[in-house]
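Novice: Structure incoming, see below.
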There are 2 protein chains.
Amino acid sequence: MREVVVLGVGLHQFGRWPQYRHAELARKAIMDALKEANAEFRQIQALWVGCVVRPQAMSWSILTEVGMTGIPILNVESACTSASSAFREAYFAIGAGIYDIAMAAGVEKMQRGLQGAFFPDTLAGALGLGMMPATYAQSAVRHMKVHGSTIEQFAQVSVKNHRNGTMNPNAQYHKEMTLEEVLGSRMVAEPLTLYQCSPTTDGASCAILCAKEKAAQFTNRYVTIAGWGAGSQGYAGGEEGDLAEGLVERASRQAYERAGIGPKDVDLCQVHDAFTPGELITIESLGFCPTGMGGVWTAEGKTEITGEIPVNTDGGLIARGHPMGATGIAQIAEIVWQLRGDAGPRQVKDAKVGLTHNVAIGGCNIHIFKR
Amino acid sequence: MREVVVLGVGLHQFGRWPQYRHAELARKAIMDALKEANAEFRQIQALWVGCVVRPQAMSWSILTEVGMTGIPILNVESACTSASSAFREAYFAIGAGIYDIAMAAGVEKMQRGLQGAFFPDTLAGALGLGMMPATYAQSAVRHMKVHGSTIEQFAQVSVKNHRNGTMNPNAQYHKEMTLEEVLGSRMVAEPLTLYQCSPTTDGASCAILCAKEKAAQFTNRYVTIAGWGAGSQGYAGGEEGDLAEGLVERASRQAYERAGIGPKDVDLCQVHDAFTPGELITIESLGFCPTGMGGVWTAEGKTEITGEIPVNTDGGLIARGHPMGATGIAQIAEIVWQLRGDAGPRQVKDAKVGLTHNVAIGGCNIHIFKR
């Protein structure tokens, strides 16, 4: 497979945007990505669009907004991993030599209350796994019992991510939160309080991918995809019974192997903090800290922008926001900006290798990027 | 890109199946395809599922039905081309060397009345293009004015396809129709009567794809993907303004070039007869008969199973049925069976090369297969 790079990325600021159609949100992200890539839309050879709530005709609607150039288009849906899956499909097709330059985008306008019970008529929904706060709360309780982590450590994830969000103009929230404010907010699913949960968000994201051998004709400020891993939840009991473990370890092992590196070589990561346990536990699954130490590392500041392994430098799902079908590429955008040195006040010093972790019921995508 | 073959295909009979869940329909198609491929589900390395009405969590729901093996899964949606797009994504990934064996499936349970106005809140819908019978009726009227084709010639497509459907156990309808019955059925959109429209259908389809270099360990009765073409409707006026023209010519040209053949080398084809003009006009766009002669060729029997270019040997969308997200792989299944000599009473003699044509608002997929 050919090497593939990201030429440019773009976002529409995450937030609540009732005044814009999906395609208008996507247009902003797409135009910004094209500008970074020094490319025009008519040069894009294929488009994949991630969307969860209403994917039907989404990519076609976007073409009617930005240019009916006749290219192959496809809507992809895999819950909260929709955008990173769109990215993966574009990556495979360029790697295969099918296209030289292609676009992956994600867009979502979320309905209020949706996150409460997302798949009511599937087996997962019937088992209560569609109630995401409950699922993550179970993970937190288990981690507290097994490893002795504390509610303050989980809440500290939110404190850090809200602080990071204040430095990200594309974030939904720009307000610092104290530990007391996070712990004192309304209880959603014990021990998770409201500010430990990602919000209801609208937004769009875009990445332009290109064969490395063709990239120089557009820009030299590209970032290379060094490895990937993917999978779905499996049968195995034990650790696999926990949404945030097992699958993540398996997918990240694939990604590390393909990239020829280990966790110690990663300078920063964006992980799927849909709820605070999603970050605290995942940094263990990804190998960034010893098993059971996610809480201690968080409390000690090792996941801060200036820490040992900066995590969710853009505010993460909790402060940047989580428009489901757009999130995966927003994570990738942050890594691209960080590796290029374009992250402004939230820049991680001398970042050379970054990792994204995007997870959902039915899927996990890990991507590793290098300068 | 590596050569890729189809190891096996399967369908759940198309029809009205209110008693079955989506995943139950899919299970039947998947198990049949696995049997043909001489493979077990645990050997499948990735799964793409096409679905239109409710793609959310569909592939995960299918995994919970047939085996939670931990593989990467993805739901894809591109209206009536969803299944052929799932097939295309699997093809690219295997071609790229990502996977050796993978599965593409399609499943749909259609709501009554859905086809009437499918994309009510998109631009296409606002322009009336979501009303598919009207769109195809416009194509028919234009063809009659420009080329002198007759309402009887359009109706003859339905007569032929209903006759072919009687020989296909997986078809929704097994009843011959006379020209008088087709013309005498209720008018839907002049000149299209009810029996010239594809019905409301539930069903599922599955194809197992494999790298050619790995195929022999499963079966030697595989069919090779020789070429593909894809695209979406473009700006260009004139012929591009007609849903069934322009785009199809472009995508099929790509497919012929990649396969290194021309229309004369094709022994049979499955085309997207969502409405009778979709077949009559498309056989011209695909180069099987001279422009404007689709009606004459149909009336003269040249598209019959025993004719010059057999078209829709399985009954097509009109008689086999059109469960939107499953149709594309049903077309592919018919070509696979025909090229293997397994098509029973509807077998095309000595078929070596077959073509599938699947089209929708926003997409067209052409695939060429050879023995």
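Residue numbering restarts at 1 in every chain; chains get A, B, ... in the order shown in the structure tokens, and ligands count up from 1 in that same order.
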Residues of chain B within 9 Å of chain A, counting only C-alpha atoms, what are they? List them as a PyMOL selection string.

Specialist: chain B and resi 1-2+46+52-61+63-64+67-79+82+85+89+92-98+119+122-124+230-235+247+361-365

Novice: Compile the contact shell of Val266 of chain A as a list in words: residues with an atom at most 9 Å away, counting only C-alpha atoms, same-chain residues fewer than 3 positions apart removed.

Specialist: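 Once the nearby chain positions are removed, what remains is Ile261, Gly262, Pro263, Cys269, Phe288, Ile309, Ala351, Lys352, Val353, Gly354, Leu355 and Ile368 of chain A.
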
Novice: Can you tell me, as number ranges by chain, which residues in segment 162-357 of chain A count as alpha helix (DSSP H) by DSSP?

Specialist: A: 162-165, 179-184, 212-215, 247-259, 276-285, 294-299, 316-319, 324-340

Novice: Can you measure atom CA of Ala155 of chain A to atom CA of Val182 of chain A for me? One decimal in Å is fine.

Specialist: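 Separation between atom CA of Ala155 of chain A and atom CA of Val182 of chain A: 6.1 Å.
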
Novice: Quick one: everything within 12 Å of Tyr136 of chain A, counting only C-alpha atoms, minus sequence neighbours fewer than 2 positions away in the same chain. Send it as a PyMOL selection string.

Specialist: chain A and resi 128-134+138-143+154+188-193+196-198+241-245+272-282+360-361

Novice: In Å, how far is it from atom CA of Ala215 of chain B to atom CA of Val5 of chain B?

Specialist: 7.4 Å

Novice: Which residues come within 7 Å of Phe14 of chain B, counting only C-alpha atoms, excluding same-chain residues fewer than 4 positions away, as a list in words?

Specialist: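 Near Phe14 of chain B, the qualifying residues are Asn170, Ala171, Gln172, Thr201, Asp202, Gly203, Arg320 and Gly321 of chain B.
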
Novice: What does the structure give for the distance between atom CA of Arg221 of chain B and atom CA of Pro323 of chain B, in Å to one decimal?

Specialist: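 Atom CA of Arg221 of chain B sits 27.6 Å away from atom CA of Pro323 of chain B.
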
Novice: Write out as a JSON list (two decimals) with N, CA, C and O atoms, in the first residue's frame all residues of segment 218-345 of chain A that DSSP puts in strand (DSSP E) for this structure's backbone.

Specialist:
[["chain", "number", "residue", "atom", "x", "y", "z"],
["A", 223, "VAL", "N", 1.12, 15.96, 6.80],
["A", 223, "VAL", "CA", 1.38, 15.05, 7.92],
["A", 223, "VAL", "C", 1.11, 13.64, 7.42],
["A", 223, "VAL", "O", 0.12, 13.40, 6.73],
["A", 224, "THR", "N", 1.98, 12.71, 7.74],
["A", 224, "THR", "CA", 1.88, 11.35, 7.20],
["A", 224, "THR", "C", 1.10, 10.43, 8.14],
["A", 224, "THR", "O", 1.25, 10.49, 9.36],
["A", 225, "ILE", "N", 0.25, 9.60, 7.54],
["A", 225, "ILE", "CA", -0.45, 8.57, 8.31],
["A", 225, "ILE", "C", 0.54, 7.41, 8.49],
["A", 225, "ILE", "O", 0.93, 6.76, 7.51],
["A", 226, "ALA", "N", 0.93, 7.17, 9.73],
["A", 226, "ALA", "CA", 1.99, 6.20, 9.98],
["A", 226, "ALA", "C", 1.44, 4.82, 10.34],
["A", 226, "ALA", "O", 2.13, 3.81, 10.18],
["A", 227, "GLY", "N", 0.21, 4.77, 10.83],
["A", 227, "GLY", "CA", -0.35, 3.48, 11.22],
["A", 227, "GLY", "C", -1.82, 3.60, 11.53],
["A", 227, "GLY", "O", -2.33, 4.71, 11.78],
["A", 228, "TRP", "N", -2.51, 2.48, 11.51],
["A", 228, "TRP", "CA", -3.93, 2.47, 11.83],
["A", 228, "TRP", "C", -4.29, 1.13, 12.45],
["A", 228, "TRP", "O", -3.63, 0.11, 12.22],
["A", 229, "GLY", "N", -5.36, 1.14, 13.23],
["A", 229, "GLY", "CA", -5.92, -0.09, 13.78],
["A", 229, "GLY", "C", -7.42, 0.10, 13.89],
["A", 229, "GLY", "O", -7.90, 1.21, 14.09],
["A", 230, "ALA", "N", -8.15, -1.01, 13.75],
["A", 230, "ALA", "CA", -9.62, -0.90, 13.81],
["A", 230, "ALA", "C", -10.21, -2.23, 14.23],
["A", 230, "ALA", "O", -9.60, -3.28, 14.04],
["A", 231, "GLY", "N", -11.40, -2.18, 14.76],
["A", 231, "GLY", "CA", -12.10, -3.40, 15.12],
["A", 231, "GLY", "C", -13.43, -3.08, 15.77],
["A", 231, "GLY", "O", -13.80, -1.92, 15.92],
["A", 268, "LEU", "N", 1.70, 13.19, 21.67],
["A", 268, "LEU", "CA", 0.39, 13.62, 22.19],
["A", 268, "LEU", "C", -0.70, 12.76, 21.59],
["A", 268, "LEU", "O", -0.49, 12.09, 20.57],
["A", 269, "CYS", "N", -1.87, 12.79, 22.23],
["A", 269, "CYS", "CA", -2.98, 12.00, 21.69],
["A", 269, "CYS", "C", -4.30, 12.70, 21.92],
["A", 269, "CYS", "O", -4.46, 13.52, 22.83],
["A", 270, "GLN", "N", -5.26, 12.38, 21.04],
["A", 270, "GLN", "CA", -6.66, 12.78, 21.22],
["A", 270, "GLN", "C", -7.43, 11.49, 21.47],
["A", 270, "GLN", "O", -7.41, 10.59, 20.61]]

Novice: May I ask which of the residues B:Thr303, B:Ser205, B:Gln254, B:Asn358 is the closest one to His12 of chain B, counting only C-alpha atoms?

Specialist: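 Closest candidate: B:Ser205.
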